[in-house]
Every structure is written in structure tokens, then in C-alpha cells.
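Structure file start-v8.pdb with PDB, C-alpha atoms, pLDDT in the B column:
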```pdb
MODEL        1
ATOM      1  CA  MET D   1      -1.541 -10.174 -22.856  1.00 90.00           C
ATOM      2  CA  ILE D   2      -2.245  -9.998 -19.104  1.00 95.00           C
ATOM      3  CA  SER D   3      -0.102 -13.055 -18.471  1.00 95.00           C
ATOM      4  CA  LYS D   4       2.758 -11.738 -20.630  1.00 96.00           C
ATOM      5  CA  ASN D   5       2.649  -8.330 -18.958  1.00 96.00           C
ATOM      6  CA  ILE D   6       2.843  -9.880 -15.496  1.00 97.00           C
ATOM      7  CA  GLN D   7       5.759 -12.069 -16.540  1.00 96.00           C
ATOM      8  CA  TYR D   8       7.549  -9.068 -18.040  1.00 95.00           C
ATOM      9  CA  ILE D   9       7.223  -6.958 -14.890  1.00 95.00           C
ATOM     10  CA  ASN D  10       8.228  -9.796 -12.567  1.00 95.00           C
ATOM     11  CA  SER D  11      11.293 -10.484 -14.705  1.00 95.00           C
ATOM     12  CA  GLN D  12      12.485  -6.928 -13.924  1.00 93.00           C
ATOM     13  CA  LEU D  13      11.985  -7.102 -10.165  1.00 96.00           C
ATOM     14  CA  PRO D  14      14.603  -8.004  -7.562  1.00 96.00           C
ATOM     15  CA  PRO D  15      13.671 -10.676  -4.979  1.00 96.00           C
ATOM     16  CA  THR D  16      13.011  -7.889  -2.456  1.00 96.00           C
ATOM     17  CA  THR D  17      10.159  -6.349  -4.486  1.00 98.00           C
ATOM     18  CA  ARG D  18       6.653  -7.740  -5.012  1.00 98.00           C
ATOM     19  CA  LEU D  19       4.056  -6.812  -7.593  1.00 98.00           C
ATOM     20  CA  VAL D  20       0.652  -5.631  -6.389  1.00 98.00           C
ATOM     21  CA  CYS D  21      -1.616  -6.081  -9.382  1.00 98.00           C
ATOM     22  CA  VAL D  22      -4.056  -3.140  -9.286  1.00 97.00           C
ATOM     23  CA  SER D  23      -7.358  -4.679 -10.314  1.00 95.00           C
ATOM     24  CA  LYS D  24      -9.736  -1.833  -9.428  1.00 93.00           C
ATOM     25  CA  PHE D  25     -12.567  -1.422 -11.947  1.00 92.00           C
ATOM     26  CA  LYS D  26     -11.422  -4.584 -13.755  1.00 94.00           C
ATOM     27  CA  PRO D  27     -13.800  -7.534 -14.269  1.00 94.00           C
ATOM     28  CA  VAL D  28     -13.452 -10.757 -12.325  1.00 96.00           C
ATOM     29  CA  GLU D  29     -12.480 -12.549 -15.549  1.00 96.00           C
ATOM     30  CA  ALA D  30      -9.399 -10.353 -15.996  1.00 96.00           C
ATOM     31  CA  ILE D  31      -8.337 -10.934 -12.394  1.00 97.00           C
ATOM     32  CA  GLN D  32      -8.821 -14.670 -12.847  1.00 97.00           C
ATOM     33  CA  GLU D  33      -6.550 -14.544 -15.893  1.00 96.00           C
ATOM     34  CA  ALA D  34      -3.860 -12.818 -13.829  1.00 97.00           C
ATOM     35  CA  TYR D  35      -4.356 -15.376 -11.066  1.00 97.00           C
ATOM     36  CA  THR D  36      -3.939 -18.227 -13.544  1.00 96.00           C
ATOM     37  CA  ALA D  37      -0.669 -16.586 -14.613  1.00 95.00           C
ATOM     38  CA  GLY D  38       0.559 -16.945 -11.044  1.00 96.00           C
ATOM     39  CA  GLN D  39      -0.293 -13.534  -9.576  1.00 97.00           C
ATOM     40  CA  ARG D  40      -1.588 -13.695  -5.980  1.00 98.00           C
ATOM     41  CA  VAL D  41      -1.475 -10.100  -4.700  1.00 98.00           C
ATOM     42  CA  PHE D  42      -4.194  -7.729  -5.917  1.00 98.00           C
ATOM     43  CA  GLY D  43      -4.960  -4.116  -5.009  1.00 98.00           C
ATOM     44  CA  GLU D  44      -8.413  -2.530  -4.884  1.00 97.00           C
ATOM     45  CA  SER D  45      -9.480   1.021  -4.011  1.00 96.00           C
ATOM     46  CA  LYS D  46     -13.206   0.601  -3.253  1.00 97.00           C
ATOM     47  CA  VAL D  47     -14.326  -1.397  -0.223  1.00 97.00           C
ATOM     48  CA  GLN D  48     -17.525  -2.796  -1.731  1.00 97.00           C
ATOM     49  CA  GLU D  49     -15.786  -3.770  -4.959  1.00 97.00           C
ATOM     50  CA  LEU D  50     -13.019  -5.561  -3.066  1.00 97.00           C
ATOM     51  CA  CYS D  51     -15.466  -7.470  -0.866  1.00 97.00           C
ATOM     52  CA  THR D  52     -17.585  -8.531  -3.851  1.00 97.00           C
ATOM     53  CA  LYS D  53     -14.577  -9.739  -5.825  1.00 97.00           C
ATOM     54  CA  ALA D  54     -13.159 -11.595  -2.813  1.00 97.00           C
ATOM     55  CA  GLU D  55     -16.354 -13.662  -2.659  1.00 97.00           C
ATOM     56  CA  GLN D  56     -16.057 -14.662  -6.326  1.00 97.00           C
ATOM     57  CA  LEU D  57     -12.343 -15.371  -6.619  1.00 97.00           C
ATOM     58  CA  PRO D  58      -9.929 -17.945  -5.109  1.00 97.00           C
ATOM     59  CA  ALA D  59      -9.487 -17.823  -1.344  1.00 96.00           C
ATOM     60  CA  ASP D  60      -5.678 -17.678  -1.450  1.00 97.00           C
ATOM     61  CA  ILE D  61      -5.628 -14.227  -3.065  1.00 98.00           C
ATOM     62  CA  GLU D  62      -3.901 -11.627  -0.893  1.00 98.00           C
ATOM     63  CA  TRP D  63      -6.072  -8.520  -1.112  1.00 98.00           C
ATOM     64  CA  HIS D  64      -4.489  -5.118  -0.527  1.00 98.00           C
ATOM     65  CA  PHE D  65      -6.539  -1.948  -0.081  1.00 98.00           C
ATOM     66  CA  ILE D  66      -4.799   0.899  -1.908  1.00 97.00           C
ATOM     67  CA  GLY D  67      -7.447   3.638  -1.961  1.00 94.00           C
ATOM     68  CA  HIS D  68      -8.459   6.389   0.427  1.00 94.00           C
ATOM     69  CA  LEU D  69     -10.241   4.600   3.277  1.00 96.00           C
ATOM     70  CA  GLN D  70     -13.209   6.203   5.037  1.00 95.00           C
ATOM     71  CA  THR D  71     -13.698   5.312   8.696  1.00 96.00           C
ATOM     72  CA  ASN D  72     -17.290   4.145   8.175  1.00 96.00           C
ATOM     73  CA  LYS D  73     -16.088   1.484   5.707  1.00 97.00           C
ATOM     74  CA  VAL D  74     -13.373  -0.002   7.941  1.00 98.00           C
ATOM     75  CA  LYS D  75     -15.536  -2.700   9.582  1.00 97.00           C
ATOM     76  CA  HIS D  76     -16.620  -4.054   6.177  1.00 97.00           C
ATOM     77  CA  LEU D  77     -13.068  -4.182   4.857  1.00 98.00           C
ATOM     78  CA  LEU D  78     -11.107  -5.769   7.688  1.00 98.00           C
ATOM     79  CA  PRO D  79     -12.385  -9.366   7.444  1.00 97.00           C
ATOM     80  CA  VAL D  80     -11.130  -9.764   3.865  1.00 97.00           C
ATOM     81  CA  VAL D  81      -8.083  -7.528   3.463  1.00 98.00           C
ATOM     82  CA  SER D  82      -4.460  -8.508   4.111  1.00 98.00           C
ATOM     83  CA  LEU D  83      -2.760  -5.091   4.002  1.00 98.00           C
ATOM     84  CA  ILE D  84      -4.039  -1.501   4.023  1.00 98.00           C
ATOM     85  CA  HIS D  85      -1.634   0.732   2.098  1.00 97.00           C
ATOM     86  CA  GLY D  86      -2.971   4.225   2.662  1.00 92.00           C
ATOM     87  CA  VAL D  87      -3.565   4.884   6.358  1.00 97.00           C
ATOM     88  CA  ASP D  88      -3.364   8.659   6.367  1.00 95.00           C
ATOM     89  CA  SER D  89      -4.471   9.845   9.813  1.00 95.00           C
ATOM     90  CA  GLU D  90      -4.357   9.016  13.510  1.00 95.00           C
ATOM     91  CA  HIS D  91      -8.161   9.045  13.530  1.00 96.00           C
ATOM     92  CA  LEU D  92      -8.270   6.292  10.896  1.00 97.00           C
ATOM     93  CA  LEU D  93      -5.681   4.242  12.798  1.00 97.00           C
ATOM     94  CA  THR D  94      -7.854   4.407  15.921  1.00 97.00           C
ATOM     95  CA  GLU D  95     -10.902   3.149  14.033  1.00 98.00           C
ATOM     96  CA  ILE D  96      -8.964   0.330  12.369  1.00 98.00           C
ATOM     97  CA  ASN D  97      -7.638  -0.730  15.755  1.00 98.00           C
ATOM     98  CA  LYS D  98     -11.135  -0.690  17.271  1.00 98.00           C
ATOM     99  CA  GLN D  99     -12.720  -2.743  14.493  1.00 98.00           C
ATOM    100  CA  ALA D 100      -9.771  -5.168  14.337  1.00 98.00           C
ATOM    101  CA  GLU D 101     -10.083  -5.818  18.068  1.00 98.00           C
ATOM    102  CA  LYS D 102     -13.761  -6.731  17.598  1.00 98.00           C
ATOM    103  CA  ILE D 103     -12.902  -9.537  15.169  1.00 98.00           C
ATOM    104  CA  GLY D 104      -9.696 -10.651  16.885  1.00 98.00           C
ATOM    105  CA  LYS D 105      -7.421  -9.563  14.044  1.00 98.00           C
ATOM    106  CA  LYS D 106      -4.109  -7.738  14.018  1.00 98.00           C
ATOM    107  CA  MET D 107      -4.422  -5.547  10.933  1.00 98.00           C
ATOM    108  CA  ARG D 108      -1.337  -4.960   8.821  1.00 98.00           C
ATOM    109  CA  CYS D 109      -1.068  -1.281   7.842  1.00 98.00           C
ATOM    110  CA  LEU D 110       1.179   1.059   5.917  1.00 98.00           C
ATOM    111  CA  LEU D 111       1.253   4.751   6.797  1.00 98.00           C
ATOM    112  CA  GLU D 112       0.726   7.025   3.797  1.00 97.00           C
ATOM    113  CA  ILE D 113       3.125   9.948   3.517  1.00 96.00           C
ATOM    114  CA  HIS D 114       2.416  12.982   1.327  1.00 94.00           C
ATOM    115  CA  ILE D 115       5.558  13.230  -0.810  1.00 92.00           C
ATOM    116  CA  ALA D 116       4.133  14.740  -4.022  1.00 90.00           C
ATOM    117  CA  GLN D 117       3.917  18.380  -5.009  1.00 86.00           C
ATOM    118  CA  GLU D 118       0.181  18.073  -5.755  1.00 78.00           C
ATOM    119  CA  GLU D 119      -2.151  19.141  -2.952  1.00 74.00           C
ATOM    120  CA  ALA D 120      -4.744  16.522  -3.947  1.00 66.00           C
ATOM    121  CA  LYS D 121      -2.761  13.606  -2.561  1.00 68.00           C
ATOM    122  CA  TYR D 122      -3.539  12.268   0.909  1.00 84.00           C
ATOM    123  CA  GLY D 123      -1.156  11.386   3.719  1.00 92.00           C
ATOM    124  CA  PHE D 124       0.798  12.506   6.759  1.00 94.00           C
ATOM    125  CA  SER D 125       3.506  15.084   6.252  1.00 93.00           C
ATOM    126  CA  THR D 126       6.943  13.932   7.356  1.00 94.00           C
ATOM    127  CA  GLU D 127       6.736  16.316  10.316  1.00 95.00           C
ATOM    128  CA  GLU D 128       3.301  15.023  11.350  1.00 94.00           C
ATOM    129  CA  LEU D 129       4.447  11.422  11.222  1.00 96.00           C
ATOM    130  CA  ILE D 130       7.588  12.031  13.280  1.00 96.00           C
ATOM    131  CA  ALA D 131       5.481  13.900  15.866  1.00 96.00           C
ATOM    132  CA  PHE D 132       3.000  11.003  15.916  1.00 96.00           C
ATOM    133  CA  PHE D 133       5.724   8.493  16.724  1.00 97.00           C
ATOM    134  CA  GLN D 134       7.396  10.762  19.278  1.00 96.00           C
ATOM    135  CA  LYS D 135       4.078  11.190  21.100  1.00 95.00           C
ATOM    136  CA  GLY D 136       3.979   7.421  21.641  1.00 95.00           C
ATOM    137  CA  ASN D 137       0.199   6.777  21.525  1.00 92.00           C
ATOM    138  CA  TRP D 138       0.708   4.376  18.627  1.00 96.00           C
ATOM    139  CA  ARG D 139       2.073   1.799  21.065  1.00 96.00           C
ATOM    140  CA  GLU D 140      -1.436   1.438  22.524  1.00 97.00           C
ATOM    141  CA  LEU D 141      -2.868   0.300  19.178  1.00 98.00           C
ATOM    142  CA  LYS D 142      -2.468  -3.392  19.978  1.00 98.00           C
ATOM    143  CA  ASN D 143      -4.519  -4.597  16.989  1.00 98.00           C
ATOM    144  CA  ILE D 144      -2.438  -2.811  14.375  1.00 98.00           C
ATOM    145  CA  SER D 145       0.792  -4.122  12.922  1.00 98.00           C
ATOM    146  CA  PHE D 146       2.827  -1.231  11.553  1.00 98.00           C
ATOM    147  CA  CYS D 147       4.394  -2.708   8.410  1.00 98.00           C
ATOM    148  CA  GLY D 148       5.967   0.316   6.718  1.00 98.00           C
ATOM    149  CA  LEU D 149       5.213   3.354   4.571  1.00 98.00           C
ATOM    150  CA  MET D 150       3.453   4.200   1.320  1.00 98.00           C
ATOM    151  CA  GLY D 151       3.689   7.207  -0.967  1.00 96.00           C
ATOM    152  CA  MET D 152       2.801   8.500  -4.428  1.00 95.00           C
ATOM    153  CA  ALA D 153       5.235  10.657  -6.351  1.00 94.00           C
ATOM    154  CA  SER D 154       4.262  13.801  -8.236  1.00 93.00           C
ATOM    155  CA  ASN D 155       2.570  13.296 -11.589  1.00 91.00           C
ATOM    156  CA  THR D 156       5.426  14.714 -13.633  1.00 92.00           C
ATOM    157  CA  ASP D 157       7.823  13.774 -16.420  1.00 93.00           C
ATOM    158  CA  ASP D 158      10.730  15.048 -14.309  1.00 94.00           C
ATOM    159  CA  GLU D 159      12.460  11.813 -13.291  1.00 96.00           C
ATOM    160  CA  ASN D 160      14.802  13.691 -10.958  1.00 96.00           C
ATOM    161  CA  GLN D 161      11.817  15.024  -9.033  1.00 96.00           C
ATOM    162  CA  ILE D 162      10.254  11.551  -8.799  1.00 97.00           C
ATOM    163  CA  ARG D 163      13.536  10.020  -7.663  1.00 98.00           C
ATOM    164  CA  LYS D 164      14.015  12.742  -5.041  1.00 97.00           C
ATOM    165  CA  GLU D 165      10.531  12.075  -3.609  1.00 96.00           C
ATOM    166  CA  PHE D 166      11.001   8.300  -3.486  1.00 97.00           C
ATOM    167  CA  ARG D 167      14.466   8.696  -1.964  1.00 98.00           C
ATOM    168  CA  GLY D 168      13.058  10.974   0.717  1.00 97.00           C
ATOM    169  CA  LEU D 169      10.427   8.383   1.596  1.00 97.00           C
ATOM    170  CA  LYS D 170      13.088   5.661   1.859  1.00 98.00           C
ATOM    171  CA  THR D 171      15.145   7.914   4.156  1.00 98.00           C
ATOM    172  CA  LEU D 172      12.105   8.408   6.406  1.00 97.00           C
ATOM    173  CA  PHE D 173      11.430   4.664   6.411  1.00 98.00           C
ATOM    174  CA  ASP D 174      15.026   3.944   7.464  1.00 98.00           C
ATOM    175  CA  LYS D 175      14.838   6.540  10.244  1.00 97.00           C
ATOM    176  CA  LEU D 176      11.633   5.050  11.687  1.00 97.00           C
ATOM    177  CA  LYS D 177      12.979   1.520  11.377  1.00 98.00           C
ATOM    178  CA  ILE D 178      16.084   2.389  13.385  1.00 97.00           C
ATOM    179  CA  GLU D 179      14.339   4.502  16.022  1.00 97.00           C
ATOM    180  CA  TYR D 180      11.080   2.604  16.600  1.00 97.00           C
ATOM    181  CA  PHE D 181      11.126  -0.821  14.936  1.00 97.00           C
ATOM    182  CA  PRO D 182      14.703  -2.169  15.125  1.00 96.00           C
ATOM    183  CA  GLU D 183      13.587  -5.630  16.294  1.00 95.00           C
ATOM    184  CA  ASN D 184      10.215  -5.668  14.513  1.00 95.00           C
ATOM    185  CA  THR D 185      10.390  -7.835  11.396  1.00 96.00           C
ATOM    186  CA  ASP D 186       6.892  -6.712  10.302  1.00 97.00           C
ATOM    187  CA  PHE D 187       8.111  -3.172   9.611  1.00 98.00           C
ATOM    188  CA  LYS D 188       9.659  -3.937   6.236  1.00 98.00           C
ATOM    189  CA  GLU D 189       7.409  -2.653   3.439  1.00 98.00           C
ATOM    190  CA  LEU D 190       7.841   0.442   1.297  1.00 98.00           C
ATOM    191  CA  SER D 191       4.945   0.791  -1.138  1.00 98.00           C
ATOM    192  CA  MET D 192       5.929   3.170  -3.923  1.00 97.00           C
ATOM    193  CA  GLY D 193       5.857   3.083  -7.686  1.00 96.00           C
ATOM    194  CA  MET D 194       3.073   2.704 -10.244  1.00 95.00           C
ATOM    195  CA  SER D 195       2.906   1.943 -13.968  1.00 91.00           C
ATOM    196  CA  GLY D 196       4.704   5.131 -14.999  1.00 91.00           C
ATOM    197  CA  ASP D 197       7.470   5.253 -12.400  1.00 95.00           C
ATOM    198  CA  TYR D 198       7.939   1.788 -10.924  1.00 96.00           C
ATOM    199  CA  GLN D 199      11.471   1.319 -12.300  1.00 96.00           C
ATOM    200  CA  ILE D 200      12.649   4.402 -10.391  1.00 97.00           C
ATOM    201  CA  ALA D 201      10.793   3.240  -7.278  1.00 98.00           C
ATOM    202  CA  VAL D 202      12.488  -0.158  -7.390  1.00 97.00           C
ATOM    203  CA  GLU D 203      15.900   1.490  -7.735  1.00 97.00           C
ATOM    204  CA  GLU D 204      15.112   3.620  -4.662  1.00 98.00           C
ATOM    205  CA  GLY D 205      14.093   0.679  -2.476  1.00 98.00           C
ATOM    206  CA  SER D 206      10.413  -0.079  -3.066  1.00 98.00           C
ATOM    207  CA  THR D 207       9.238  -3.473  -1.793  1.00 98.00           C
ATOM    208  CA  LEU D 208       5.708  -3.186  -3.224  1.00 98.00           C
ATOM    209  CA  ILE D 209       4.908  -1.701  -6.638  1.00 98.00           C
ATOM    210  CA  ARG D 210       1.270  -0.999  -7.536  1.00 97.00           C
ATOM    211  CA  ILE D 211       0.649  -1.601 -11.239  1.00 96.00           C
ATOM    212  CA  GLY D 212      -2.661  -1.674 -13.076  1.00 95.00           C
ATOM    213  CA  SER D 213      -2.784  -0.081 -16.518  1.00 91.00           C
ATOM    214  CA  PHE D 214       0.512  -1.627 -17.647  1.00 92.00           C
ATOM    215  CA  ILE D 215      -0.979  -5.067 -16.948  1.00 95.00           C
ATOM    216  CA  PHE D 216      -4.633  -4.697 -17.893  1.00 92.00           C
ATOM    217  CA  GLY D 217      -4.439  -1.789 -20.339  1.00 83.00           C
ATOM    218  CA  GLU D 218      -5.867   1.672 -19.869  1.00 73.00           C
ATOM    219  CA  ARG D 219      -9.369   1.999 -18.458  1.00 60.00           C
TER
ENDMDL
END
```
Take the structure in this file and express it as C-alpha cells.
Amino acid sequence: MISKNIQYINSQLPPTTRLVCVSKFKPVEAIQEAYTAGQRVFGESKVQELCTKAEQLPADIEWHFIGHLQTNKVKHLLPVVSLIHGVDSEHLLTEINKQAEKIGKKMRCLLEIHIAQEEAKYGFSTEELIAFFQKGNWRELKNISFCGLMGMASNTDDENQIRKEFRGLKTLFDKLKIEYFPENTDFKELSMGMSGDYQIAVEEGSTLIRIGSFIFGER
């Protein structure tokens, strides 16, 4: 079923959108089955779990970190991860830059924006992010590659609300691209959409959809 589910999702995606297979809490055997089906991008939300799985699975897997990252875990994560989706503060950016410099790596990061109505979600507000870029300190973070934005829509059945939130995130992405990254080809990713709302996210411009339960089944 894992293989069929992956094929089904990929058949719906435009060439501009990639599937991040959310493998958190799933056994190595299930990830290997997805890998055998051709999937190469996997998302994990716990640093230790990601590092352990990376040791046991094929080296050409592209690991994405999609959880809330604590600063004291950054140094353990950086050697094995390809993209960090949820960078939600200037403080965390500074730590990532510091640890990346130590190992001679330029870490690819997405900035997480709080677009949902729920207070529990993490991320910069739109106003905070614009102020951060206007201030200009981000240019000193030489070991970070700013690759785009990430956001999670409200947990609601109201598709209009979800679409409005995704559309707002795409508008912010376009604004930053024009004003700060016009020549930077790395700034190209918009991570939005999960099992319940990925079709809307794709329609609104998502380049990375994060899907777990639809592929592996509910936990």
C-alpha cells in the first residue's frame, strides 16, 4: 500500500512540486519500502530519531527536518539534514549559522510563518519577518542559505480559510523574492500542505508537500 499511495500522490503533482514523505514515528522497514518505491525525500520531527534512521538507511536519502527545532539539538542535526523547514526565530537562525560554520556547511533553511488561527503553531508573524529582513542582519549569516518559507494552515474543514492562508503565504514569498532574493536561485521553496489539505496547497503554489498518514496510514 505504501508504494501505491506514493505513486497516487506523485501522479497528482505538477513538476514544480515535490513530495516530502513524513516518516516520523514510522519504522525503518516502512521507510525502506517507500525508498524502494522510488521516494528519496523524507521528513522527520525529532533530531535523535532522524539521526538514528539516517545511519540505518541508504545514504542518498534527502532528510528534511520538519519539527520544532530546539537550539541545543542543532549541532547534532546539521551533519545529516538537507533542509530545515521550520526555522521560527532569529535566535535559532544564529545558532544554526554558528554550528554550520563549525562543520563547513551552508545549511539550507525555510523560515516558518504563523499563518493559522491556532495559537499553538510556531513561526514568525508576517510583520516580524518583514522587520527581520528590513533590519538586514540576516545578510551576515554566511552559513545559511535562505531557501523559502514554510507554513501550516488552520486545522479546519473550511477550505476557503485554508486557501486564504496558503495564498497569503505565497504572496509573502513573492514579495520577499522580489525585494531580497531576485537573483538568488536557492530561494524557491514554499513548504505548505499536509495529508488533509495538500491539493489546495498545490493549487496555491506549494513546492513541497509534507505527507505522512496518507502514505503510511494513521499512527
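Distance check against Gln134 (chain D) using all atoms listed in the file: of D:Glu179, D:Glu101, D:Glu159, D:Asp174, the minimum falls on D:Glu179.
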Check your understanding: So what does the PyMOL selection byres ((chain D and resi 58) around 12) actually pick up in this one, as a list in words?
Key -> Val28, Ile31, Gln32, Glu33, Ala34, Tyr35, Thr36, Gln39, Arg40, Val41, Phe42, Lys53, Ala54, Glu55, Gln56, Leu57, Ala59, Asp60, Ile61, Glu62 and Trp63 of chain D
Check your understanding: Taking into account all atoms listed in the file, which residue in the set D:Asp158, D:Met192, D:Ser145, D:Lys135 is nearest to Ile115 (chain D)?
Key ->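 Using all atoms listed in the file, Ile115 (chain D) sits closest to D:Met192.
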Point to revise | Residues returned when the PyMOL selection byres ((chain D and resi 181-185) around 12) runs on this file, as a count of residues only | key: 18
Review point. Residues around (-6.6, 0.1, 11.2), cut-off 9 Å, counting only C-alpha atoms - what are they as a PyMOL selection string?
Key: chain D and resi 74+78+84+87+92-100+106-109+141+143-145
Practice item. Write out as JSON, numbers by chain the residues lying within 7 Å of Glu165 (chain D), counting only C-alpha atoms and excluding same-chain residues fewer than 4 positions away. Key: {"D": [115, 116, 153, 161, 169]}
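CA of Asn10 (chain D) is found 13.6 Å from CA of Gly212 (chain D).
Between CA of Asn155 (chain D) and CA of Ala131 (chain D) the interatomic distance comes to 27.6 Å.
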Practice item. With a distance cut-off of 10 Å and all atoms listed in the file, select the neighbouring residues of Ser125 (chain D), excluding the residue or stretch itself and same-chain residues fewer than 5 positions from it, and output the selection as a VMD selection string. Key: chain D and resid 88 112 to 115 130 to 131
Any chance you could work out the axis-aligned box around region 105-119 of chain D, listed atoms only, 4 Å on each side, giving centre and edge lengths in Å to one decimal, as AutoDock Vina command-line options?
```
--center_x -0.9 --center_y 4.8 --center_z 4.1 --size_x 21.0 --size_y 36.7 --size_z 27.8
```
Check your understanding: Quick one, how far is CA of Ala30 (chain D) from CA of Leu13 (chain D)?
Key ->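 Going from CA of Ala30 (chain D) over to CA of Leu13 (chain D) covers 22.4 Å.
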Check your understanding: When distances are computed from only C-alpha atoms, which of D:Gly67, D:His85, D:Ser154, D:Ser3 shows the smallest separation from Glu118 (chain D)?
Key ->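 Nearest candidate to Glu118 (chain D) out of D:Gly67, D:His85, D:Ser154, D:Ser3: D:Ser154.
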Point to revise | Contacts of Asn160 (chain D) at 12 Å (only C-alpha atoms; same-chain gap of 4+ positions) as a list in words | key: Ala153, Ser154, Thr156, Lys164, Glu165, Phe166, Arg167, Asp197, Ile200, Ala201 and Glu204 of chain D
Check your understanding: So what does the PyMOL selection byres ((chain D and resi 23) around 9) actually pick up in this one, as a list of chain:residue names?
Key ->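 Checked against the file, the PyMOL selection byres ((chain D and resi 23) around 9) matches D:Val20, D:Cys21, D:Val22, D:Lys24, D:Phe25, D:Lys26, D:Pro27, D:Val28, D:Ala30, D:Ile31, D:Phe42, D:Gly43, D:Glu44, D:Ser45, D:Ile211, D:Gly212, D:Ser213, D:Phe216.
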Will you give me region 77-99 of chain D, written with N, CA and C atoms and laid out as a compact mmCIF listing (two decimals), in the first residue's frame?
```
# COMPACT_ATOMS: atom_id res chain seq x y z
N LEU D 77 21.98 17.76 14.56
CA LEU D 77 21.17 17.62 13.36
C LEU D 77 21.92 17.97 12.08
N LEU D 78 22.70 19.02 12.12
CA LEU D 78 23.26 19.60 10.89
C LEU D 78 24.06 18.65 10.01
N PRO D 79 24.85 17.73 10.58
CA PRO D 79 25.65 16.87 9.70
C PRO D 79 24.82 15.97 8.78
N VAL D 80 23.57 15.69 9.15
CA VAL D 80 22.80 14.70 8.38
C VAL D 80 21.60 15.26 7.63
N VAL D 81 21.22 16.50 7.92
CA VAL D 81 19.98 17.02 7.34
C VAL D 81 20.26 17.86 6.10
N SER D 82 19.34 17.80 5.14
CA SER D 82 19.47 18.55 3.89
C SER D 82 18.74 19.89 3.94
N LEU D 83 17.57 19.91 4.59
CA LEU D 83 16.76 21.13 4.64
C LEU D 83 16.01 21.17 5.96
N ILE D 84 16.05 22.34 6.62
CA ILE D 84 15.28 22.56 7.85
C ILE D 84 14.07 23.40 7.49
N HIS D 85 12.87 22.84 7.71
CA HIS D 85 11.64 23.52 7.28
C HIS D 85 11.19 24.61 8.24
N GLY D 86 11.34 24.39 9.53
CA GLY D 86 10.63 25.25 10.49
C GLY D 86 11.50 26.17 11.30
N VAL D 87 12.33 26.99 10.67
CA VAL D 87 13.14 27.94 11.44
C VAL D 87 12.25 29.12 11.83
N ASP D 88 12.00 29.24 13.13
CA ASP D 88 10.93 30.13 13.59
C ASP D 88 11.39 31.31 14.43
N SER D 89 12.71 31.56 14.50
CA SER D 89 13.18 32.71 15.26
C SER D 89 14.57 33.12 14.81
N GLU D 90 14.90 34.39 15.06
CA GLU D 90 16.23 34.90 14.74
C GLU D 90 17.28 34.21 15.62
N HIS D 91 16.92 33.91 16.84
CA HIS D 91 17.82 33.22 17.77
C HIS D 91 18.23 31.85 17.22
N LEU D 92 17.26 31.12 16.68
CA LEU D 92 17.55 29.80 16.11
C LEU D 92 18.42 29.93 14.86
N LEU D 93 18.15 30.92 14.04
CA LEU D 93 18.97 31.16 12.85
C LEU D 93 20.43 31.40 13.23
N THR D 94 20.66 32.17 14.28
CA THR D 94 22.01 32.47 14.73
C THR D 94 22.74 31.21 15.16
N GLU D 95 22.04 30.33 15.87
CA GLU D 95 22.65 29.09 16.33
C GLU D 95 22.95 28.15 15.16
N ILE D 96 22.02 28.06 14.22
CA ILE D 96 22.25 27.23 13.04
C ILE D 96 23.47 27.73 12.28
N ASN D 97 23.56 29.03 12.12
CA ASN D 97 24.70 29.61 11.41
C ASN D 97 26.02 29.28 12.12
N LYS D 98 26.01 29.39 13.44
CA LYS D 98 27.22 29.13 14.23
C LYS D 98 27.67 27.67 14.10
N GLN D 99 26.72 26.76 14.23
CA GLN D 99 27.07 25.33 14.17
C GLN D 99 27.42 24.91 12.73
```
